>>> print(open('protein04.cif').read())   # mmCIF, C-alpha atoms
data_start
#
loop_
_atom_site.label_atom_id
_atom_site.label_comp_id
_atom_site.auth_asym_id
_atom_site.auth_seq_id
_atom_site.Cartn_x
_atom_site.Cartn_y
_atom_site.Cartn_z
CA MET J 1 2.75 53.30 44.01
CA SER J 2 2.55 52.95 47.78
CA TYR J 3 0.66 50.34 49.72
CA GLU J 4 0.31 49.32 53.37
CA ARG J 5 2.92 46.91 54.71
CA GLN J 6 0.29 44.77 56.34
CA GLY J 7 -1.76 44.59 53.16
CA SER J 8 1.27 43.74 51.05
CA GLU J 9 2.38 41.14 53.56
CA PHE J 10 -1.07 39.55 53.55
CA SER J 11 -1.18 39.62 49.78
CA ALA J 12 2.30 38.13 49.45
CA GLU J 13 1.55 35.42 51.96
CA ALA J 14 -1.66 34.54 50.16
CA THR J 15 0.22 34.48 46.87
CA TRP J 16 2.87 32.26 48.40
CA GLU J 17 0.19 29.80 49.51
CA ARG J 18 -1.34 29.73 46.03
CA VAL J 19 2.04 29.27 44.38
CA ALA J 20 3.05 26.54 46.80
CA SER J 21 -0.28 24.79 46.22
CA ALA J 22 -0.08 25.07 42.41
CA GLY J 23 3.53 23.99 42.34
CA SER J 24 3.10 21.03 44.66
CA GLY J 25 5.44 18.28 43.63
CA THR J 26 7.40 20.48 41.24
CA PHE J 27 9.91 22.14 43.56
CA GLU J 28 12.41 20.59 45.95
CA ASN J 29 12.66 21.88 49.53
CA ALA J 30 15.63 24.04 48.63
CA GLY J 31 13.66 25.66 45.87
CA ARG J 32 10.81 26.43 48.23
CA ARG J 33 13.14 28.00 50.79
CA SER J 34 14.67 30.11 48.04
CA LEU J 35 11.28 31.28 46.94
CA ARG J 36 10.32 32.06 50.56
CA ARG J 37 13.46 34.17 51.05
CA ARG J 38 12.79 36.14 47.89
CA MET J 39 9.22 36.81 48.91
CA ASN J 40 10.29 37.88 52.38
CA ALA J 41 12.74 40.26 50.79
CA HIS J 42 9.91 41.62 48.73
CA ILE J 43 7.76 42.06 51.80
CA LEU J 44 10.45 43.78 53.90
CA THR J 45 11.68 46.05 51.14
CA ASP J 46 9.18 48.79 50.70
CA THR J 47 11.18 51.43 48.90
CA PRO J 48 10.01 52.56 45.45
CA GLN J 49 13.37 51.65 43.90
CA THR J 50 13.22 48.04 44.93
CA LYS J 51 9.53 47.38 44.44
CA MET J 52 9.70 47.09 40.65
CA THR J 53 12.93 45.05 40.54
CA SER J 54 11.66 42.61 43.16
CA ARG J 55 8.35 42.05 41.42
CA LEU J 56 9.90 40.73 38.19
CA PRO J 57 11.49 37.53 39.55
CA PHE J 58 8.45 37.09 41.76
CA LEU J 59 6.10 37.13 38.78
CA LEU J 60 8.38 34.84 36.79
CA LEU J 61 8.43 32.33 39.62
CA CYS J 62 4.66 32.43 39.87
CA LEU J 63 4.32 31.84 36.14
CA THR J 64 6.83 28.96 36.22
CA SER J 65 4.99 27.34 39.11
CA VAL J 66 1.60 27.50 37.39
CA VAL J 67 2.99 26.16 34.10
CA SER J 68 4.72 23.30 35.92
CA ALA J 69 1.53 22.41 37.71
CA PHE J 70 -0.41 22.27 34.47
CA ALA J 71 2.35 20.30 32.74
CA ILE J 72 2.51 17.62 35.44
CA ASN J 73 -1.16 17.38 36.34
CA GLY J 74 -2.67 17.93 32.91
CA GLN J 75 -0.34 16.09 30.51
CA PRO J 76 -1.20 12.48 31.42
CA ALA J 77 -4.90 13.13 30.99
CA PHE J 78 -4.27 14.85 27.66
CA GLN J 79 -2.03 12.02 26.53
CA ALA J 80 -4.62 9.48 27.58
CA ARG J 81 -7.33 11.25 25.62
CA THR J 82 -5.04 11.56 22.58
CA SER J 83 -4.02 7.89 22.77
CA SER J 84 -7.65 6.81 23.08
CA LEU J 85 -8.65 8.94 20.10
CA ALA J 86 -5.78 7.58 17.98
CA SER J 87 -6.63 3.99 18.89
CA SER J 88 -10.28 4.44 18.00
CA THR J 89 -9.34 6.11 14.71
CA ILE J 90 -6.97 3.29 13.74
CA SER J 91 -9.52 0.66 14.70
CA SER J 92 -12.22 2.37 12.66
CA SER J 93 -9.86 2.70 9.70
CA LEU J 94 -8.97 -0.99 9.76
CA THR J 95 -12.63 -1.93 10.04
CA THR J 96 -13.57 0.02 6.92
CA GLU J 97 -10.39 -0.88 5.03
CA LEU J 98 -10.61 -4.68 5.22
CA LYS J 99 -13.75 -6.42 4.04
CA PRO J 100 -14.72 -9.71 5.70
CA PRO J 101 -14.31 -12.80 3.47
CA ALA J 102 -17.96 -13.10 2.45
CA ALA J 103 -18.20 -9.42 1.54
CA LEU J 104 -14.90 -9.69 -0.30
CA TYR J 105 -16.31 -12.42 -2.52
CA ASP J 106 -19.55 -10.48 -3.13
CA GLY J 107 -17.51 -7.45 -4.14
CA ALA J 108 -15.46 -9.53 -6.56
CA VAL J 109 -18.63 -10.88 -8.17
CA ALA J 110 -20.01 -7.35 -8.52
CA ALA J 111 -16.73 -6.19 -10.08
CA GLY J 112 -16.82 -9.07 -12.55
CA ALA J 113 -20.39 -8.25 -13.55
CA ALA J 114 -19.46 -4.60 -14.09
CA LYS J 115 -16.52 -5.59 -16.28
CA ALA J 116 -18.64 -7.94 -18.36
CA SER J 117 -21.23 -5.22 -19.00
CA GLY J 118 -18.78 -3.14 -21.02
CA SER J 119 -18.84 -3.11 -24.80
CA PHE J 120 -16.17 -4.84 -26.88
CA ALA J 121 -14.67 -1.48 -27.88
CA LYS J 122 -14.51 -0.20 -24.29
CA THR J 123 -12.99 -3.40 -22.99
CA PHE J 124 -10.50 -3.49 -25.85
CA LYS J 125 -9.30 0.08 -25.20
CA LEU J 126 -8.92 -0.54 -21.49
CA GLY J 127 -7.18 -3.80 -22.39
CA VAL J 128 -4.61 -1.95 -24.47
CA VAL J 129 -3.87 0.33 -21.54
CA ALA J 130 -3.60 -2.64 -19.16
CA GLY J 131 -1.24 -4.40 -21.58
CA CYS J 132 0.99 -1.33 -21.61
CA HIS J 133 0.98 -1.14 -17.81
CA ILE J 134 1.95 -4.78 -17.37
CA ALA J 135 4.59 -4.35 -20.08
CA PHE J 136 6.01 -1.36 -18.20
CA GLY J 137 6.33 -3.56 -15.14
CA MET J 138 8.09 -6.29 -17.09
CA PHE J 139 10.28 -3.64 -18.72
CA LEU J 140 11.44 -2.47 -15.30
CA SER J 141 11.93 -6.02 -14.06
CA CYS J 142 14.09 -6.80 -17.09
CA SER J 143 16.03 -3.55 -16.74
CA VAL J 144 16.84 -4.16 -13.06
CA GLY J 145 16.79 -7.88 -12.36
CA GLY J 146 17.78 -8.89 -15.87
CA ALA J 147 20.74 -6.54 -15.99
CA CYS J 148 22.78 -8.13 -13.21
CA PRO J 149 24.21 -11.40 -14.57
CA GLY J 150 26.99 -11.32 -11.99
CA LEU J 151 24.44 -11.36 -9.17
CA ALA J 152 22.52 -14.15 -10.92
CA ALA J 153 25.70 -16.24 -11.00
CA SER J 154 26.83 -15.55 -7.44
CA ASN J 155 23.48 -15.30 -5.66
CA PRO J 156 20.57 -16.41 -7.90
CA GLY J 157 18.04 -16.21 -5.08
CA LEU J 158 18.77 -12.55 -4.43
CA GLN J 159 18.66 -11.79 -8.15
CA LYS J 160 15.18 -13.34 -8.37
CA ILE J 161 14.00 -11.23 -5.45
CA VAL J 162 15.31 -8.09 -7.14
CA ALA J 163 13.57 -8.99 -10.40
CA GLY J 164 10.32 -9.68 -8.59
CA ALA J 165 10.25 -6.70 -6.26
CA PHE J 166 11.04 -4.08 -8.90
CA GLY J 167 8.71 -4.35 -11.86
CA LEU J 168 5.42 -6.14 -12.26
CA PRO J 169 3.85 -5.07 -8.93
CA PHE J 170 3.76 -1.44 -10.02
CA GLY J 171 2.37 -2.45 -13.42
CA LEU J 172 -0.58 -4.25 -11.83
CA ILE J 173 -1.15 -1.39 -9.39
CA MET J 174 -1.52 1.03 -12.31
CA THR J 175 -3.93 -1.37 -13.99
CA LEU J 176 -6.18 -1.88 -10.97
CA VAL J 177 -6.30 1.72 -9.79
CA THR J 178 -7.10 3.14 -13.25
CA GLY J 179 -9.73 0.53 -14.15
CA GLY J 180 -7.79 -1.37 -16.80
CA GLU J 181 -9.02 -4.64 -18.28
CA LEU J 182 -6.48 -7.39 -17.61
CA PHE J 183 -7.34 -10.77 -19.11
CA THR J 184 -5.69 -12.80 -16.36
CA GLY J 185 -7.59 -11.02 -13.60
CA ASN J 186 -10.84 -11.30 -15.57
CA THR J 187 -10.51 -15.08 -15.63
CA ALA J 188 -11.32 -14.93 -11.91
CA LEU J 189 -13.71 -12.00 -11.49
CA VAL J 190 -15.79 -12.41 -14.64
CA THR J 191 -15.93 -16.18 -14.20
CA ALA J 192 -17.32 -15.71 -10.69
CA ALA J 193 -19.99 -13.36 -12.03
CA ARG J 194 -20.96 -15.95 -14.67
CA VAL J 195 -21.22 -18.85 -12.22
CA GLU J 196 -23.29 -16.70 -9.86
CA GLY J 197 -25.72 -15.98 -12.70
CA LYS J 198 -25.00 -12.25 -12.88
CA ILE J 199 -23.98 -12.36 -16.55
CA LYS J 200 -24.37 -14.67 -19.54
CA THR J 201 -21.78 -16.79 -21.29
CA LYS J 202 -21.65 -14.42 -24.25
CA ASP J 203 -20.74 -11.58 -21.87
CA LEU J 204 -17.87 -13.61 -20.49
CA ALA J 205 -16.66 -14.50 -24.00
CA ARG J 206 -16.80 -10.86 -25.10
CA ASN J 207 -14.87 -9.67 -22.07
CA TRP J 208 -12.20 -12.35 -22.32
CA SER J 209 -11.62 -11.94 -26.06
CA ALA J 210 -11.60 -8.12 -25.98
CA SER J 211 -9.29 -7.90 -22.96
CA TYR J 212 -6.91 -10.56 -24.30
CA LEU J 213 -6.64 -8.90 -27.70
CA GLY J 214 -6.24 -5.46 -26.12
CA ASN J 215 -3.54 -6.76 -23.76
CA PHE J 216 -1.68 -8.26 -26.73
CA VAL J 217 -1.76 -5.00 -28.70
CA GLY J 218 -0.63 -2.94 -25.71
CA SER J 219 2.20 -5.33 -24.89
CA LEU J 220 3.45 -5.36 -28.48
CA LEU J 221 3.29 -1.57 -28.63
CA LEU J 222 5.40 -1.14 -25.53
CA ALA J 223 7.82 -3.88 -26.62
CA TYR J 224 8.53 -1.89 -29.76
CA LEU J 225 8.88 1.38 -27.84
CA ALA J 226 11.21 -0.27 -25.32
CA PHE J 227 13.32 -1.66 -28.15
CA LYS J 228 13.55 1.73 -29.87
CA SER J 229 14.36 3.53 -26.63
CA GLY J 230 17.73 1.81 -26.33
CA THR J 231 17.63 1.91 -22.54
CA LEU J 232 18.50 -1.77 -22.16
CA GLY J 233 21.87 -1.28 -23.84
CA ALA J 234 23.72 -4.50 -24.55
CA ALA J 235 22.28 -6.36 -21.54
CA PRO J 236 21.23 -9.87 -22.55
CA GLY J 237 18.34 -10.06 -20.11
CA ALA J 238 15.43 -9.86 -22.56
CA VAL J 239 17.01 -12.34 -24.99
CA ASN J 240 17.81 -14.82 -22.23
CA ILE J 241 14.36 -14.61 -20.67
CA ALA J 242 12.54 -14.97 -23.99
CA THR J 243 14.70 -17.94 -25.04
CA ALA J 244 14.17 -19.70 -21.73
CA LYS J 245 10.39 -19.23 -21.83
CA CYS J 246 10.11 -20.64 -25.34
CA SER J 247 12.28 -23.66 -24.45
CA LEU J 248 9.84 -25.10 -21.93
CA ALA J 249 7.94 -28.33 -22.45
CA TRP J 250 4.24 -27.78 -23.12
CA ASP J 251 3.07 -29.27 -19.81
CA VAL J 252 5.67 -27.32 -17.85
CA ALA J 253 4.52 -24.04 -19.39
CA PHE J 254 0.90 -25.01 -18.67
CA VAL J 255 1.58 -25.71 -14.97
CA ARG J 256 3.62 -22.54 -14.59
CA GLY J 257 0.67 -20.65 -16.04
CA ILE J 258 -1.65 -22.20 -13.45
CA LEU J 259 0.58 -21.32 -10.53
CA CYS J 260 1.27 -17.83 -11.82
CA ASN J 261 -2.32 -16.74 -12.29
CA TRP J 262 -3.33 -18.31 -8.99
CA LEU J 263 -1.11 -15.71 -7.34
CA VAL J 264 -2.06 -12.91 -9.73
CA CYS J 265 -5.78 -13.45 -9.17
CA MET J 266 -5.28 -13.58 -5.41
CA ALA J 267 -3.61 -10.19 -5.69
CA VAL J 268 -6.51 -8.84 -7.76
CA TYR J 269 -9.05 -10.46 -5.43
CA MET J 270 -7.52 -9.03 -2.26
CA ALA J 271 -6.96 -5.60 -3.80
CA SER J 272 -10.65 -5.44 -4.79
CA GLY J 273 -11.50 -5.57 -1.09
CA CYS J 274 -9.26 -2.65 -0.11
CA SER J 275 -10.45 0.95 -0.23
CA SER J 276 -7.12 2.76 0.17
CA MET J 277 -4.13 3.05 -2.12
CA ILE J 278 -1.75 1.60 0.47
CA GLY J 279 -4.10 -1.34 1.01
CA LYS J 280 -4.19 -2.14 -2.70
CA MET J 281 -0.41 -1.79 -2.99
CA THR J 282 0.16 -4.20 -0.12
CA ALA J 283 -2.31 -6.73 -1.51
CA VAL J 284 -0.60 -6.63 -4.92
CA TRP J 285 3.08 -6.42 -4.03
CA PHE J 286 3.58 -9.72 -2.20
CA PRO J 287 1.85 -12.17 -4.59
CA ILE J 288 3.15 -10.49 -7.75
CA SER J 289 6.76 -10.23 -6.60
CA ALA J 290 6.47 -13.85 -5.47
CA PHE J 291 5.39 -15.21 -8.85
CA VAL J 292 8.21 -13.39 -10.63
CA ALA J 293 10.80 -14.60 -8.13
CA LEU J 294 9.44 -18.14 -8.47
CA GLY J 295 9.94 -18.07 -12.24
CA LEU J 296 6.27 -18.60 -13.16
CA ASP J 297 4.63 -17.54 -16.43
CA HIS J 298 2.12 -14.76 -17.00
CA SER J 299 0.68 -14.71 -20.52
CA ILE J 300 0.35 -10.91 -20.71
CA ALA J 301 3.85 -10.25 -19.41
CA ASN J 302 5.16 -12.81 -21.91
CA MET J 303 3.42 -10.89 -24.71
CA PHE J 304 5.94 -8.16 -23.97
CA ILE J 305 9.15 -9.96 -23.09
CA ILE J 306 9.15 -12.56 -25.89
CA PRO J 307 8.57 -10.06 -28.75
CA LEU J 308 11.18 -7.78 -27.15
CA GLY J 309 13.63 -10.67 -27.07
CA ILE J 310 12.91 -11.41 -30.74
CA MET J 311 13.53 -7.76 -31.64
CA ARG J 312 16.83 -7.91 -29.79
CA GLY J 313 18.03 -11.02 -31.60
CA ALA J 314 16.55 -14.07 -29.86
CA GLU J 315 16.26 -17.01 -32.25
CA ILE J 316 12.54 -17.51 -31.79
CA THR J 317 9.85 -17.53 -34.45
CA VAL J 318 6.38 -16.08 -34.04
CA LEU J 319 4.90 -19.58 -34.32
CA GLN J 320 7.15 -20.81 -31.53
CA MET J 321 6.10 -17.88 -29.37
CA PHE J 322 2.50 -19.07 -29.55
CA THR J 323 2.87 -22.85 -29.57
CA LYS J 324 5.73 -23.07 -27.08
CA ASN J 325 4.56 -20.43 -24.65
CA LEU J 326 1.49 -18.24 -25.11
CA ILE J 327 -1.04 -21.02 -25.78
CA PRO J 328 -0.11 -23.35 -22.88
CA VAL J 329 0.51 -20.44 -20.51
CA THR J 330 -2.83 -18.80 -21.39
CA LEU J 331 -4.71 -22.05 -20.77
CA GLY J 332 -2.87 -22.47 -17.50
CA ASN J 333 -3.75 -18.90 -16.53
CA ILE J 334 -7.44 -19.65 -17.09
CA VAL J 335 -7.30 -22.72 -14.86
CA GLY J 336 -5.34 -20.87 -12.18
CA GLY J 337 -7.71 -17.90 -12.12
CA ALA J 338 -11.09 -19.59 -12.47
CA LEU J 339 -10.53 -22.82 -10.53
CA CYS J 340 -7.61 -22.38 -8.15
CA ALA J 341 -8.21 -18.78 -7.10
CA MET J 342 -12.00 -18.38 -7.24
CA MET J 343 -13.67 -21.78 -6.94
CA PRO J 344 -12.81 -22.30 -3.23
CA TYR J 345 -14.45 -18.99 -2.31
CA GLY J 346 -17.32 -19.43 -4.76
CA SER J 347 -18.16 -22.83 -3.29
CA THR J 348 -17.95 -21.42 0.25
CA PHE J 349 -19.57 -17.98 -0.01
CA GLY J 350 -21.37 -18.33 -3.35
CA LYS J 351 -23.48 -20.75 -5.35
CA TRP J 352 -20.82 -22.66 -7.28
CA THR J 353 -21.82 -26.05 -5.89
CA GLU J 354 -25.59 -25.51 -5.84
CA LYS J 355 -27.72 -27.50 -8.27
CA LYS J 356 -29.67 -25.39 -10.72
#
>>> encode(input="protein04.cif", output="structure tokens")
Amino acid sequence: MSYERQGSEFSAEATWERVASAGSGTFENAGRRSLRRRMNAHILTDTPQTKMTSRLPFLLLCLTSVVSAFAINGQPAFQARTSSLASSTISSSLTTELKPPAALYDGAVAAGAAKASGSFAKTFKLGVVAGCHIAFGMFLSCSVGGACPGLAASNPGLQKIVAGAFGLPFGLIMTLVTGGELFTGNTALVTAARVEGKIKTKDLARNWSASYLGNFVGSLLLAYLAFKSGTLGAAPGAVNIATAKCSLAWDVAFVRGILCNWLVCMAVYMASGCSSMIGKMTAVWFPISAFVALGLDHSIANMFIIPLGIMRGAEITVLQMFTKNLIPVTLGNIVGGALCAMMPYGSTFGKWTEKK
């Protein structure tokens, strides 16, 4: 295809100016001189054989120049827009994920009222499930942390961290996410609903008794299944833990119950204010792993580990299980949940201290 030399020269020069303008800042002087020589060669060579071969590198260079111009001039603006969008998304997510303290308390009261509205049968069934979930957590804690006596002898602090991190946190997560009825958590939430006047005393008594009984049945069921599974082998963890828990003085068990459920109810309280799974997991993991590592006593977890220890040969009677552990620990759990965990927030954001 023939064309006039003057027209092609004008067109090439115009193209060179556009390319140089688009590629400003992207080529060094040597690169520009190289491009100029190639274009001059294209202009001076007007034979049909060389036209097609000279156009290919010319077009490639034009394309490279335009792409480079877009990459340099357009990328910062795009990155800025992307960064701004990501920041606003994260900020919005955090705003909706975390409730402010007053709203957190109101949500806990509403949750307690909803729990107390359930029938005895419903609460009992959900209590059985919650007992199994907590027992699963204690089962894992005993299987991992309780199966390393060498670590306990050489580095007891690390062994306690292992026992706390792997076990009960996942049991409470399953309970909270699936709507289980856990007695220890109800001592905080349902108590708050009662003090705020959302429910009656009989509703609180029904919820506490049904959830406690259901938790006991579920824990015993899983203790038997764990014993029959044979997964613990000859490890003495369950026997040692059960024996130690039933060797405590009454007041010591009571205080450990207070401290334990203070942390448990804080986990439940914080998790009730989180809307995402990761938020609930974070709220639960730290307090629950802490109470296990600290050696505190949770009545529902003890409903699993003490019967399991008895099945595996611990010299503990059923009467001792109740009088030496479950009764003082349960009373301590009530004090820890109702008074230590909830009363400060109820007196600040609620009506706990108002005269009626």
>>> closest_residue(input="protein04.cif", among="J:Trp208, J:Phe254, J:Phe291, J:Trp262", to="Thr191 in chain J", atoms="all atoms listed in the file")
J:Trp208
>>> atom_distance(input="protein04.cif", atom1="CA of Val292 in chain J", atom2="CA of Ala205 in chain J")
28.3 Å
>>> residues_around(input="protein04.cif", residues="range 173-188 of chain J", least_positions_apart="2", cutoff="6 Å", atoms="all atoms listed in the file", output="list in words")
Leu126, Gly127, Ala130, Phe170, Gly171, Val190, Thr191, Ser211, Tyr212, Cys265, Ile334, Gly337, Ala338 and Met342 of chain J
>>> atom_distance(input="protein04.cif", atom1="CA of Ile241 in chain J", atom2="CA of Cys142 in chain J")
8.6 Å
>>> resolve_selection(input="protein04.cif", expression="the PyMOL selection byres ((chain J and resi 147) around 10)", output="PyMOL selection string")
chain J and resi 141-146+148-152+159+163+232-238
>>> residues_around(input="protein04.cif", residues="Leu248 in chain J", least_positions_apart="4", cutoff="9 Å", atoms="only C-alpha atoms", output="number ranges by chain")
J: 244, 252-253, 324-325
>>> write_last_selection(input="protein04.cif", atoms="C-alpha atoms", output="PDB file, keeping the file's coordinate frame")
ATOM      1  CA  ALA J 244      14.170 -19.700 -21.730  1.00  0.00           C
ATOM      2  CA  VAL J 252       5.670 -27.320 -17.850  1.00  0.00           C
ATOM      3  CA  ALA J 253       4.520 -24.040 -19.390  1.00  0.00           C
ATOM      4  CA  LYS J 324       5.730 -23.070 -27.080  1.00  0.00           C
ATOM      5  CA  ASN J 325       4.560 -20.430 -24.650  1.00  0.00           C
TER       6      ASN J 325
END
>>> atom_distance(input="protein04.cif", atom1="CA of Asn207 in chain J", atom2="CA of Gly112 in chain J")
9.7 Å
>>> resolve_selection(input="protein04.cif", expression="the PyMOL selection byres ((chain J and resi 138) around 12)", output="PyMOL selection string")
chain J and resi 131-137+139-146+163-172+219+222-223+226+237-238+241-242+288-289+292+297-306+308
>>> residues_around(input="protein04.cif", residues="Val109 in chain J", least_positions_apart="4", cutoff="10 Å", atoms="all atoms listed in the file", output="list in words")
Ala103, Leu104, Tyr105, Ala113, Ala114, Lys115, Ala188, Leu189, Val190, Thr191, Ala192, Ala193, Arg194, Val195, Glu196, Gly197, Lys198, Tyr269, Gly346 and Gly350 of chain J
>>> write_last_selection(input="protein04.cif", atoms="C-alpha atoms", output="PDB file, in the coordinates of the input")
ATOM      1  CA  ALA J 103     -18.200  -9.420   1.540  1.00  0.00           C
ATOM      2  CA  LEU J 104     -14.900  -9.690  -0.300  1.00  0.00           C
ATOM      3  CA  TYR J 105     -16.310 -12.420  -2.520  1.00  0.00           C
ATOM      4  CA  ALA J 113     -20.390  -8.250 -13.550  1.00  0.00           C
ATOM      5  CA  ALA J 114     -19.460  -4.600 -14.090  1.00  0.00           C
ATOM      6  CA  LYS J 115     -16.520  -5.590 -16.280  1.00  0.00           C
ATOM      7  CA  ALA J 188     -11.320 -14.930 -11.910  1.00  0.00           C
ATOM      8  CA  LEU J 189     -13.710 -12.000 -11.490  1.00  0.00           C
ATOM      9  CA  VAL J 190     -15.790 -12.410 -14.640  1.00  0.00           C
ATOM     10  CA  THR J 191     -15.930 -16.180 -14.200  1.00  0.00           C
ATOM     11  CA  ALA J 192     -17.320 -15.710 -10.690  1.00  0.00           C
ATOM     12  CA  ALA J 193     -19.990 -13.360 -12.030  1.00  0.00           C
ATOM     13  CA  ARG J 194     -20.960 -15.950 -14.670  1.00  0.00           C
ATOM     14  CA  VAL J 195     -21.220 -18.850 -12.220  1.00  0.00           C
ATOM     15  CA  GLU J 196     -23.290 -16.700  -9.860  1.00  0.00           C
ATOM     16  CA  GLY J 197     -25.720 -15.980 -12.700  1.00  0.00           C
ATOM     17  CA  LYS J 198     -25.000 -12.250 -12.880  1.00  0.00           C
ATOM     18  CA  TYR J 269      -9.050 -10.460  -5.430  1.00  0.00           C
ATOM     19  CA  GLY J 346     -17.320 -19.430  -4.760  1.00  0.00           C
ATOM     20  CA  GLY J 350     -21.370 -18.330  -3.350  1.00  0.00           C
TER      21      GLY J 350
END
>>> closest_residue(input="protein04.cif", among="J:Trp352, J:Phe216, J:Tyr224, J:Phe120", to="Leu326 in chain J", atoms="all atoms listed in the file")
J:Phe216
>>> closest_residue(input="protein04.cif", among="J:Val239, J:Leu204, J:Leu263, J:Ala102", to="Ile316 in chain J", atoms="only C-alpha atoms")
J:Val239
